[in-house]
$ cat query-v2.txt   # compact mmCIF, C-alpha atoms
# COMPACT_ATOMS: atom_id res chain seq x y z
CA MET A 12 80.36 62.77 -78.60
CA THR A 13 78.75 59.94 -76.62
CA LEU A 14 80.40 56.54 -76.30
CA HIS A 15 77.70 55.10 -78.56
CA GLU A 16 78.47 57.69 -81.26
CA LEU A 17 82.21 57.03 -80.90
CA MET A 18 81.66 53.28 -81.16
CA VAL A 19 79.48 53.59 -84.27
CA LYS A 20 81.74 56.09 -86.05
CA THR A 21 84.88 54.07 -85.32
CA ASN A 22 83.22 50.91 -86.62
CA HIS A 23 82.04 52.66 -89.77
CA TYR A 24 85.50 54.12 -90.41
CA LEU A 25 87.22 50.75 -90.07
CA ILE A 26 84.63 48.84 -92.10
CA LYS A 27 85.10 51.33 -94.94
CA GLY A 28 88.84 50.66 -94.89
CA GLY A 29 90.11 53.49 -92.71
CA GLN A 30 93.43 53.23 -90.89
CA LEU A 31 93.90 54.64 -87.39
CA THR A 32 97.15 56.19 -86.20
CA ASP A 33 98.58 55.21 -82.83
CA ALA A 34 97.47 58.58 -81.48
CA HIS A 35 93.91 58.02 -82.69
CA LYS A 36 93.86 54.54 -81.18
CA ALA A 37 95.06 55.85 -77.81
CA ASN A 38 92.46 58.62 -77.84
CA ILE A 39 89.61 56.22 -78.61
CA VAL A 40 90.75 53.74 -75.98
CA ASN A 41 91.04 56.46 -73.34
CA GLN A 42 87.55 57.73 -74.09
CA PHE A 43 86.07 54.25 -73.81
CA LEU A 44 87.92 53.38 -70.60
CA SER A 45 86.86 56.65 -69.01
CA GLY A 46 83.24 55.68 -69.70
CA VAL A 47 83.07 52.41 -67.76
CA SER A 48 79.72 52.45 -65.99
CA SER A 49 79.56 53.21 -62.28
CA GLN A 50 77.82 50.87 -59.85
CA SER A 51 74.98 53.35 -59.38
CA ALA A 52 74.45 53.65 -63.16
CA ALA A 53 74.45 49.87 -63.48
CA GLU A 54 71.89 49.48 -60.70
CA ARG A 55 69.61 52.10 -62.31
CA PHE A 56 69.73 50.17 -65.57
CA TYR A 57 69.16 46.75 -63.99
CA ASN A 58 66.22 48.09 -61.99
CA GLY A 59 64.85 49.81 -65.10
CA VAL A 60 64.81 46.56 -67.08
CA LYS A 61 63.43 44.68 -64.04
CA PHE A 62 66.51 42.47 -63.65
CA PRO A 63 67.91 43.57 -60.26
CA LYS A 64 71.62 42.89 -59.68
CA ASN A 65 71.81 41.41 -63.22
CA THR A 66 71.69 37.84 -61.93
CA ASP A 67 68.75 35.44 -61.89
CA ASP A 68 68.19 32.21 -59.95
CA CYS A 69 70.10 30.30 -62.64
CA GLY A 70 73.15 32.55 -62.33
CA ARG A 71 72.59 34.19 -65.69
CA GLN A 72 73.97 37.70 -66.25
CA MET A 73 71.84 38.76 -69.19
CA TYR A 74 72.88 42.42 -69.37
CA PRO A 75 76.20 44.26 -69.62
CA ILE A 76 78.46 44.75 -66.62
CA TYR A 77 81.04 47.29 -67.87
CA PHE A 78 79.49 49.48 -70.56
CA ILE A 79 75.83 50.06 -69.83
CA PRO A 80 73.79 52.59 -71.80
CA PRO A 81 71.89 55.15 -69.72
CA TYR A 82 68.37 53.97 -68.93
CA ASN A 83 66.50 56.77 -70.70
CA ASP A 84 62.77 55.99 -70.49
CA GLY A 85 63.35 52.73 -72.29
CA LYS A 86 65.07 54.29 -75.31
CA LYS A 87 67.07 51.76 -77.35
CA LEU A 88 70.37 52.46 -79.13
CA LYS A 89 70.76 51.61 -82.81
CA THR A 90 73.20 48.95 -83.94
CA ILE A 91 76.17 49.83 -86.11
CA ILE A 92 74.16 48.99 -89.24
CA GLY A 93 71.16 51.08 -88.28
CA GLN A 94 68.79 48.56 -86.72
CA THR A 95 66.63 49.96 -83.92
CA PRO A 96 66.28 47.18 -81.33
CA LYS A 97 62.96 46.44 -79.70
CA THR A 98 64.57 45.17 -76.50
CA HIS A 99 67.38 46.10 -74.14
CA ILE A 100 68.74 42.57 -74.52
CA LEU A 101 69.90 43.52 -78.01
CA SER A 102 70.47 47.25 -77.52
CA ALA A 103 72.48 47.12 -74.31
CA ASN A 104 74.51 44.01 -75.12
CA MET A 105 75.31 45.29 -78.60
CA TYR A 106 76.58 48.49 -76.95
CA GLU A 107 78.93 46.63 -74.63
CA PHE A 108 80.12 43.93 -77.03
CA GLU A 109 80.93 46.42 -79.79
CA ILE A 110 82.86 48.69 -77.41
CA LEU A 111 84.77 45.77 -75.91
CA ARG A 112 85.49 44.44 -79.39
CA LEU A 113 87.10 47.75 -80.38
CA LEU A 114 89.06 47.92 -77.14
CA HIS A 115 90.44 44.44 -77.79
CA ILE A 116 91.44 45.40 -81.34
CA LEU A 117 92.96 48.76 -80.38
CA ALA A 118 94.57 47.86 -77.02
CA PRO A 119 94.82 44.06 -76.73
CA GLU A 120 97.59 44.16 -74.10
CA ASN A 121 95.94 46.71 -71.83
CA PRO A 122 95.42 44.87 -68.50
CA ASP A 123 92.02 46.48 -67.90
CA VAL A 124 90.86 45.49 -71.37
CA LYS A 125 92.13 41.94 -70.93
CA ALA A 126 90.28 41.62 -67.63
CA MET A 127 87.01 42.93 -69.11
CA ILE A 128 87.25 40.60 -72.10
CA SER A 129 87.91 37.60 -69.84
CA GLU A 130 84.97 38.37 -67.55
CA THR A 131 82.67 39.04 -70.49
CA LEU A 132 83.49 35.69 -72.08
CA LYS A 133 82.64 34.06 -68.76
CA ARG A 134 79.37 36.01 -68.59
CA LEU A 135 78.43 34.99 -72.11
CA LYS A 136 78.68 31.34 -71.17
CA THR A 137 75.85 31.88 -68.66
CA THR A 138 73.45 33.39 -71.22
CA CYS A 139 70.99 31.76 -73.59
CA TYR A 140 71.97 34.04 -76.48
CA GLY A 141 75.68 33.54 -75.86
CA LYS A 142 75.89 29.80 -75.42
CA ASP A 143 72.54 28.13 -76.18
CA GLY A 144 70.29 28.06 -79.23
CA CYS A 145 67.71 30.56 -78.00
CA GLU A 146 65.44 32.09 -80.62
CA ALA A 147 63.12 34.00 -78.28
CA GLY A 148 62.62 37.71 -78.86
CA GLU A 149 65.86 39.41 -79.82
CA CYS A 150 68.10 36.83 -78.21
CA TYR A 151 68.54 35.51 -81.74
CA ASP A 152 69.74 38.90 -82.98
CA THR A 153 72.01 39.25 -79.96
CA SER A 154 73.59 35.87 -80.71
CA ILE A 155 74.88 37.28 -84.00
CA VAL A 156 76.42 40.27 -82.20
CA VAL A 157 78.07 37.72 -79.89
CA LEU A 158 79.47 35.98 -82.98
CA ARG A 159 81.14 39.20 -84.13
CA PHE A 160 82.57 39.75 -80.66
CA LEU A 161 83.99 36.22 -80.57
CA ALA A 162 85.55 36.65 -84.02
CA ALA A 163 87.73 39.43 -82.60
CA ALA A 164 88.13 38.58 -78.93
CA ALA A 165 88.23 34.76 -79.02
CA PRO A 166 88.94 33.45 -82.54
CA HIS A 167 90.50 30.36 -80.95
CA GLU A 168 87.07 29.38 -79.55
CA ARG A 169 86.26 27.56 -82.75
CA ASP A 170 83.61 25.22 -81.36
CA TRP A 171 81.84 28.17 -79.75
CA ILE A 172 81.97 30.18 -82.97
CA ASN A 173 80.69 27.27 -85.06
CA ASP A 174 77.87 26.75 -82.56
CA ARG A 175 76.78 30.39 -82.99
CA ILE A 176 76.79 29.87 -86.77
CA ARG A 177 74.68 26.72 -86.43
CA THR A 178 72.22 28.63 -84.27
CA TYR A 179 72.00 31.34 -86.92
CA TYR A 180 71.02 28.88 -89.66
CA LEU A 181 68.81 26.75 -87.39
CA HIS A 182 66.41 29.59 -86.56
CA LEU A 183 66.84 31.98 -89.50
CA ASP A 184 63.78 30.87 -91.45
CA LYS A 185 61.47 30.15 -88.53
CA LYS A 186 59.93 33.59 -88.87
CA LYS A 187 60.29 36.72 -90.97
CA ARG A 188 63.58 38.40 -90.12
CA PRO A 189 64.67 41.98 -90.84
CA SER A 190 67.42 42.36 -93.44
CA PHE A 191 69.66 43.74 -90.68
CA ILE A 192 70.10 40.19 -89.36
CA ILE A 193 71.60 38.88 -92.60
CA TRP A 194 73.71 42.01 -93.06
CA TYR A 195 75.15 41.62 -89.56
CA PHE A 196 75.93 37.98 -90.27
CA TRP A 197 77.65 38.98 -93.50
CA LEU A 198 79.67 41.52 -91.51
CA CYS A 199 80.76 38.64 -89.28
CA LEU A 200 81.83 36.67 -92.36
CA SER A 201 84.22 39.48 -93.29
CA GLU A 202 86.01 39.04 -89.95
CA LEU A 203 85.81 35.40 -88.88
CA PRO A 204 88.79 33.06 -89.43
CA LEU A 205 88.82 32.41 -93.18
CA ASP A 206 88.48 28.64 -93.00
CA ILE A 207 85.29 29.06 -90.96
CA ALA A 208 83.94 31.95 -93.02
CA GLU A 209 84.68 30.66 -96.52
CA PRO A 210 82.01 27.94 -96.86
CA ASN A 211 79.43 30.40 -95.53
CA ILE A 212 80.60 33.09 -97.96
CA ILE A 213 80.25 30.62 -100.83
CA ARG A 214 76.78 29.72 -99.57
CA TYR A 215 75.75 33.39 -99.78
CA LYS A 216 77.86 34.27 -102.81
CA ASP A 217 74.99 34.86 -105.27
CA ASP A 218 72.99 36.87 -102.75
CA ILE A 219 75.96 39.08 -101.90
CA LEU A 220 76.80 39.67 -105.56
CA THR A 221 73.18 40.62 -106.21
CA GLN A 222 73.38 43.15 -103.38
CA LEU A 223 76.64 44.61 -104.68
CA ASN A 224 75.19 45.00 -108.16
CA ARG A 225 72.03 46.67 -106.85
CA SER A 226 72.01 50.43 -106.37
CA CYS A 227 70.82 52.00 -103.11
CA VAL A 228 68.81 55.15 -102.46
CA MET A 229 70.60 58.04 -100.77
CA ASN A 230 67.60 60.15 -99.86
CA SER A 231 67.99 60.61 -96.11
CA GLU A 232 70.90 61.25 -93.79
CA ASN A 233 70.46 57.70 -92.50
CA ASP A 234 70.74 56.35 -96.07
CA LYS A 235 73.93 58.35 -96.61
CA THR A 236 75.43 57.01 -93.39
CA ILE A 237 74.36 53.37 -93.38
CA HIS A 238 74.24 52.28 -97.03
CA PRO A 239 77.96 52.91 -97.78
CA VAL A 240 78.85 50.95 -94.62
CA ILE A 241 76.73 47.96 -95.63
CA ILE A 242 78.15 47.97 -99.16
CA CYS A 243 81.72 48.15 -97.85
CA ALA A 244 81.03 45.37 -95.36
CA ILE A 245 79.81 42.98 -98.04
CA ARG A 246 82.61 44.11 -100.37
CA ASN A 247 84.98 42.99 -97.62
CA VAL A 248 83.21 39.63 -97.52
CA MET A 249 83.49 38.95 -101.25
CA ALA A 250 87.09 40.18 -101.42
CA ARG A 251 88.07 37.24 -99.20
CA LEU A 252 87.43 34.90 -102.14
CA PRO A 253 90.43 34.79 -104.51
CA GLU A 254 88.35 35.52 -107.62
CA PHE A 255 87.05 38.75 -106.08
CA GLU A 256 90.20 39.97 -104.36
CA TYR A 257 90.42 42.73 -106.97
CA ILE A 258 87.47 44.62 -105.41
CA LYS A 259 88.91 44.95 -101.90
CA SER A 260 90.04 48.56 -102.39
CA ARG A 261 87.08 49.73 -104.45
CA GLU A 262 84.71 52.30 -103.00
CA PRO A 263 80.97 52.65 -103.56
CA TYR A 264 80.05 55.87 -105.34
CA VAL A 265 77.02 58.07 -105.90
CA SER A 266 76.07 58.34 -109.56
CA ASP A 267 75.50 61.80 -111.03
CA LYS A 268 72.82 60.28 -113.24
CA ASP A 269 70.43 58.89 -110.66
CA GLY A 270 71.78 60.04 -107.29
CA ARG A 271 71.92 56.44 -106.06
CA LEU A 272 74.81 54.55 -104.49
CA HIS A 273 76.53 52.08 -106.82
CA PHE A 274 79.41 49.62 -106.63
CA ASP A 275 81.45 48.72 -109.72
CA MET A 276 82.09 44.99 -110.02
CA ASN A 277 83.66 45.17 -113.50
$ encode --input "query-v2.txt" --output "structure tokens"
Amino acid sequence: MTLHELMVKTNHYLIKGGQLTDAHKANIVNQFLSGVSSQSAAERFYNGVKFPKNTDDCGRQMYPIYFIPPYNDGKKLKTIIGQTPKTHILSANMYEFEILRLLHILAPENPDVKAMISETLKRLKTTCYGKDGCEAGECYDTSIVVLRFLAAAAPHERDWINDRIRTYYLHLDKKKRPSFIIWYFWLCLSELPLDIAEPNIIRYKDDILTQLNRSCVMNSENDKTIHPVIICAIRNVMARLPEFEYIKSREPYVSDKDGRLHFDMN
């Protein structure tokens, strides 16, 4: 199993409500830490994306420094909700942020993890997608992945988190966006500090309920993998509101009648 596959499967398991034993946590952490990119692998990637040394004249480090996907003829890695990025800005940073996020959750006191989290937060403050209101290309998408990372690794950075949320709303309607963007933001709302998340959950309440009451096709292997994860993620969002707490343990199911994925809100 590659680190990307491990990262995706672990995310899916936790989003759907799975609980990891201490042994499972240790195994996952060890696999991730054994996969920290070498200097030669990093240089191959930076040269491949035409950003040598990963630092520009402004001091920006736009690409990962610890977990860097292999540069395979420009191939991009899918996000945890199935989006295929068009750029390495989204693909590679998503890869690192999601791995580091899991490491922080599973081994928060590990000194190597703490050091990587600290340096990554510093790096993010040099980037347009991490600190500014950039909407160019997939920097906008990457900013939402940053938001999820901050929710786990730096929930005390409230001004920073709120700034990422403002950026999300500021640029959301400036062009047609894929549904993955909203779904990723909803995933963030299931994990952000409740007082920050709640007004945004209420803002999206009707849309999320519509999604939960709508059945999903289960025709392909991708459908069978991704659709239950999305439904569980938005179930987790709604269950944070007191009137919907009763759904937090409910699972989506495939109906024998139509073969589609349903969620029971009754």
$ closest_residue --input "query-v2.txt" --among "A:Thr21, A:Gln42, A:Ser102, A:Ser231" --to "Val156 (chain A)" --atoms "all atoms listed in the file"
A:Ser102
$ closest_atom_pairs --input "query-v2.txt" --of "region 190-252 of chain A" --to "region 24-32 of chain A" --cutoff "12 Å" --atoms "only C-alpha atoms" --output "Markdown table"
| residue | atom | partner | partner_atom | distance |
| --- | --- | --- | --- | --- |
| A:Leu198 | CA | A:Ile26 | CA | 8.9 |
| A:Cys199 | CA | A:Ile26 | CA | 11.3 |
| A:Ser201 | CA | A:Ile26 | CA | 9.4 |
| A:Glu202 | CA | A:Ile26 | CA | 10.1 |
| A:Thr236 | CA | A:Tyr24 | CA | 10.9 |
| A:Ile237 | CA | A:Lys27 | CA | 11.0 |
| A:His238 | CA | A:Lys27 | CA | 11.1 |
| A:Pro239 | CA | A:Lys27 | CA | 7.8 |
| A:Val240 | CA | A:Lys27 | CA | 6.3 |
| A:Ile241 | CA | A:Ile26 | CA | 8.7 |
| A:Ile242 | CA | A:Lys27 | CA | 8.8 |
| A:Cys243 | CA | A:Lys27 | CA | 5.5 |
| A:Ala244 | CA | A:Ile26 | CA | 6.0 |
| A:Ile245 | CA | A:Ile26 | CA | 9.6 |
| A:Arg246 | CA | A:Lys27 | CA | 9.4 |
| A:Asn247 | CA | A:Ile26 | CA | 8.1 |
| A:Val248 | CA | A:Ile26 | CA | 10.8 |
$ closest_residue --input "query-v2.txt" --among "A:Ala34, A:Ala103, A:Ile155, A:Val265" --to "Leu88 (chain A)" --atoms "all atoms listed in the file"
A:Ala103
$ atom_distance --input "query-v2.txt" --atom1 "CA of Phe62 (chain A)" --atom2 "CA of Gly141 (chain A)"
17.7 Å
$ atom_distance --input "query-v2.txt" --atom1 "CA of His167 (chain A)" --atom2 "CA of Lys216 (chain A)"
25.6 Å
$ closest_residue --input "query-v2.txt" --among "A:Lys61, A:Arg188, A:Arg177, A:Met249" --to "Leu205 (chain A)" --atoms "only C-alpha atoms"
A:Met249
$ closest_residue --input "query-v2.txt" --among "A:His35, A:Arg112, A:Lys86, A:Arg55" --to "Asn22 (chain A)" --atoms "all atoms listed in the file"
A:Arg112
$ closest_residue --input "query-v2.txt" --among "A:Asp269, A:Asp184, A:Val228, A:Ala250" --to "Ile213 (chain A)" --atoms "all atoms listed in the file"
A:Ala250
$ residues_around --input "query-v2.txt" --residues "region 132-138 of chain A" --least-positions-apart "5" --cutoff "7 Å" --atoms "only C-alpha atoms" --output "list of chain:residue names"
A:Gly70, A:Arg71, A:Gln72, A:Met73
$ atom_distance --input "query-v2.txt" --atom1 "CA of Glu254 (chain A)" --atom2 "CA of Gln222 (chain A)"
17.3 Å
$ residues_near_point --input "query-v2.txt" --point "(64.2, 32.8, -80.3)" --cutoff "12 Å" --atoms "all atoms listed in the file" --output "list in words"
Cys139, Tyr140, Asp143, Gly144, Cys145, Glu146, Ala147, Gly148, Glu149, Cys150, Tyr151, Asp152, Thr153, Ser154, Thr178, Tyr179, Leu181, His182, Leu183, Asp184, Lys185, Lys186 and Arg188 of chain A
$ build_atoms --input "query-v2.txt" --residues "region 125-160 of chain A" --atoms "N, CA and C atoms" --output "PDB file, in the frame of the given file"
ATOM      1  N   LYS A 125      92.027  43.396 -71.024  1.00  0.00           N
ATOM      2  CA  LYS A 125      92.130  41.940 -70.930  1.00  0.00           C
ATOM      3  C   LYS A 125      91.211  41.384 -69.848  1.00  0.00           C
ATOM      4  N   ALA A 126      91.131  42.080 -68.726  1.00  0.00           N
ATOM      5  CA  ALA A 126      90.280  41.620 -67.630  1.00  0.00           C
ATOM      6  C   ALA A 126      88.801  41.693 -68.027  1.00  0.00           C
ATOM      7  N   MET A 127      88.408  42.779 -68.706  1.00  0.00           N
ATOM      8  CA  MET A 127      87.010  42.930 -69.110  1.00  0.00           C
ATOM      9  C   MET A 127      86.623  41.890 -70.153  1.00  0.00           C
ATOM     10  N   ILE A 128      87.523  41.614 -71.077  1.00  0.00           N
ATOM     11  CA  ILE A 128      87.250  40.600 -72.100  1.00  0.00           C
ATOM     12  C   ILE A 128      87.084  39.236 -71.446  1.00  0.00           C
ATOM     13  N   SER A 129      87.972  38.899 -70.516  1.00  0.00           N
ATOM     14  CA  SER A 129      87.910  37.600 -69.840  1.00  0.00           C
ATOM     15  C   SER A 129      86.603  37.434 -69.082  1.00  0.00           C
ATOM     16  N   GLU A 130      86.210  38.454 -68.331  1.00  0.00           N
ATOM     17  CA  GLU A 130      84.970  38.370 -67.550  1.00  0.00           C
ATOM     18  C   GLU A 130      83.744  38.326 -68.452  1.00  0.00           C
ATOM     19  N   THR A 131      83.805  39.029 -69.570  1.00  0.00           N
ATOM     20  CA  THR A 131      82.670  39.040 -70.490  1.00  0.00           C
ATOM     21  C   THR A 131      82.499  37.681 -71.166  1.00  0.00           C
ATOM     22  N   LEU A 132      83.587  37.038 -71.516  1.00  0.00           N
ATOM     23  CA  LEU A 132      83.490  35.690 -72.080  1.00  0.00           C
ATOM     24  C   LEU A 132      82.881  34.718 -71.068  1.00  0.00           C
ATOM     25  N   LYS A 133      83.255  34.884 -69.804  1.00  0.00           N
ATOM     26  CA  LYS A 133      82.640  34.060 -68.760  1.00  0.00           C
ATOM     27  C   LYS A 133      81.147  34.350 -68.654  1.00  0.00           C
ATOM     28  N   ARG A 134      80.785  35.630 -68.681  1.00  0.00           N
ATOM     29  CA  ARG A 134      79.370  36.010 -68.590  1.00  0.00           C
ATOM     30  C   ARG A 134      78.581  35.427 -69.737  1.00  0.00           C
ATOM     31  N   LEU A 135      79.141  35.479 -70.933  1.00  0.00           N
ATOM     32  CA  LEU A 135      78.430  34.990 -72.110  1.00  0.00           C
ATOM     33  C   LEU A 135      78.086  33.506 -71.991  1.00  0.00           C
ATOM     34  N   LYS A 136      78.920  32.769 -71.307  1.00  0.00           N
ATOM     35  CA  LYS A 136      78.680  31.340 -71.170  1.00  0.00           C
ATOM     36  C   LYS A 136      77.521  31.034 -70.221  1.00  0.00           C
ATOM     37  N   THR A 137      77.019  32.077 -69.529  1.00  0.00           N
ATOM     38  CA  THR A 137      75.850  31.880 -68.660  1.00  0.00           C
ATOM     39  C   THR A 137      74.553  32.258 -69.367  1.00  0.00           C
ATOM     40  N   THR A 138      74.639  32.838 -70.565  1.00  0.00           N
ATOM     41  CA  THR A 138      73.450  33.390 -71.220  1.00  0.00           C
ATOM     42  C   THR A 138      72.902  32.467 -72.292  1.00  0.00           C
ATOM     43  N   CYS A 139      71.609  32.585 -72.538  1.00  0.00           N
ATOM     44  CA  CYS A 139      70.990  31.760 -73.590  1.00  0.00           C
ATOM     45  C   CYS A 139      71.431  32.223 -74.970  1.00  0.00           C
ATOM     46  N   TYR A 140      71.577  33.525 -75.166  1.00  0.00           N
ATOM     47  CA  TYR A 140      71.970  34.040 -76.480  1.00  0.00           C
ATOM     48  C   TYR A 140      73.465  33.873 -76.750  1.00  0.00           C
ATOM     49  N   GLY A 141      74.246  33.671 -75.688  1.00  0.00           N
ATOM     50  CA  GLY A 141      75.680  33.540 -75.860  1.00  0.00           C
ATOM     51  C   GLY A 141      76.153  32.105 -76.012  1.00  0.00           C
ATOM     52  N   LYS A 142      75.403  31.178 -75.433  1.00  0.00           N
ATOM     53  CA  LYS A 142      75.890  29.800 -75.420  1.00  0.00           C
ATOM     54  C   LYS A 142      74.874  28.784 -75.921  1.00  0.00           C
ATOM     55  N   ASP A 143      73.575  29.085 -75.779  1.00  0.00           N
ATOM     56  CA  ASP A 143      72.540  28.130 -76.180  1.00  0.00           C
ATOM     57  C   ASP A 143      71.970  28.495 -77.552  1.00  0.00           C
ATOM     58  N   GLY A 144      70.909  27.816 -77.926  1.00  0.00           N
ATOM     59  CA  GLY A 144      70.290  28.060 -79.230  1.00  0.00           C
ATOM     60  C   GLY A 144      68.992  28.816 -79.123  1.00  0.00           C
ATOM     61  N   CYS A 145      68.949  29.837 -78.272  1.00  0.00           N
ATOM     62  CA  CYS A 145      67.710  30.560 -78.000  1.00  0.00           C
ATOM     63  C   CYS A 145      67.283  31.383 -79.223  1.00  0.00           C
ATOM     64  N   GLU A 146      65.980  31.305 -79.522  1.00  0.00           N
ATOM     65  CA  GLU A 146      65.440  32.090 -80.620  1.00  0.00           C
ATOM     66  C   GLU A 146      64.378  33.075 -80.146  1.00  0.00           C
ATOM     67  N   ALA A 147      64.180  33.163 -78.828  1.00  0.00           N
ATOM     68  CA  ALA A 147      63.120  34.000 -78.280  1.00  0.00           C
ATOM     69  C   ALA A 147      63.457  35.480 -78.425  1.00  0.00           C
ATOM     70  N   GLY A 148      62.427  36.273 -78.777  1.00  0.00           N
ATOM     71  CA  GLY A 148      62.620  37.710 -78.860  1.00  0.00           C
ATOM     72  C   GLY A 148      63.812  38.109 -79.691  1.00  0.00           C
ATOM     73  N   GLU A 149      64.651  38.983 -79.117  1.00  0.00           N
ATOM     74  CA  GLU A 149      65.860  39.410 -79.820  1.00  0.00           C
ATOM     75  C   GLU A 149      67.110  38.728 -79.299  1.00  0.00           C
ATOM     76  N   CYS A 150      66.931  37.636 -78.575  1.00  0.00           N
ATOM     77  CA  CYS A 150      68.100  36.830 -78.210  1.00  0.00           C
ATOM     78  C   CYS A 150      68.775  36.296 -79.463  1.00  0.00           C
ATOM     79  N   TYR A 151      67.980  35.999 -80.482  1.00  0.00           N
ATOM     80  CA  TYR A 151      68.540  35.510 -81.740  1.00  0.00           C
ATOM     81  C   TYR A 151      69.428  36.570 -82.379  1.00  0.00           C
ATOM     82  N   ASP A 152      68.950  37.803 -82.432  1.00  0.00           N
ATOM     83  CA  ASP A 152      69.740  38.900 -82.980  1.00  0.00           C
ATOM     84  C   ASP A 152      71.013  39.106 -82.170  1.00  0.00           C
ATOM     85  N   THR A 153      70.871  39.029 -80.842  1.00  0.00           N
ATOM     86  CA  THR A 153      72.010  39.250 -79.960  1.00  0.00           C
ATOM     87  C   THR A 153      73.073  38.175 -80.155  1.00  0.00           C
ATOM     88  N   SER A 154      72.644  36.953 -80.468  1.00  0.00           N
ATOM     89  CA  SER A 154      73.590  35.870 -80.710  1.00  0.00           C
ATOM     90  C   SER A 154      74.535  36.191 -81.869  1.00  0.00           C
ATOM     91  N   ILE A 155      74.041  36.926 -82.855  1.00  0.00           N
ATOM     92  CA  ILE A 155      74.880  37.280 -84.000  1.00  0.00           C
ATOM     93  C   ILE A 155      75.887  38.358 -83.606  1.00  0.00           C
ATOM     94  N   VAL A 156      75.475  39.277 -82.716  1.00  0.00           N
ATOM     95  CA  VAL A 156      76.420  40.270 -82.200  1.00  0.00           C
ATOM     96  C   VAL A 156      77.496  39.565 -81.370  1.00  0.00           C
ATOM     97  N   VAL A 157      77.104  38.538 -80.640  1.00  0.00           N
ATOM     98  CA  VAL A 157      78.070  37.720 -79.890  1.00  0.00           C
ATOM     99  C   VAL A 157      79.077  37.090 -80.858  1.00  0.00           C
ATOM    100  N   LEU A 158      78.590  36.600 -81.980  1.00  0.00           N
ATOM    101  CA  LEU A 158      79.470  35.980 -82.980  1.00  0.00           C
ATOM    102  C   LEU A 158      80.540  36.958 -83.436  1.00  0.00           C
ATOM    103  N   ARG A 159      80.149  38.208 -83.695  1.00  0.00           N
ATOM    104  CA  ARG A 159      81.140  39.200 -84.130  1.00  0.00           C
ATOM    105  C   ARG A 159      82.149  39.477 -83.020  1.00  0.00           C
ATOM    106  N   PHE A 160      81.678  39.543 -81.792  1.00  0.00           N
ATOM    107  CA  PHE A 160      82.570  39.750 -80.660  1.00  0.00           C
ATOM    108  C   PHE A 160      83.578  38.607 -80.536  1.00  0.00           C
TER     109      PHE A 160
END
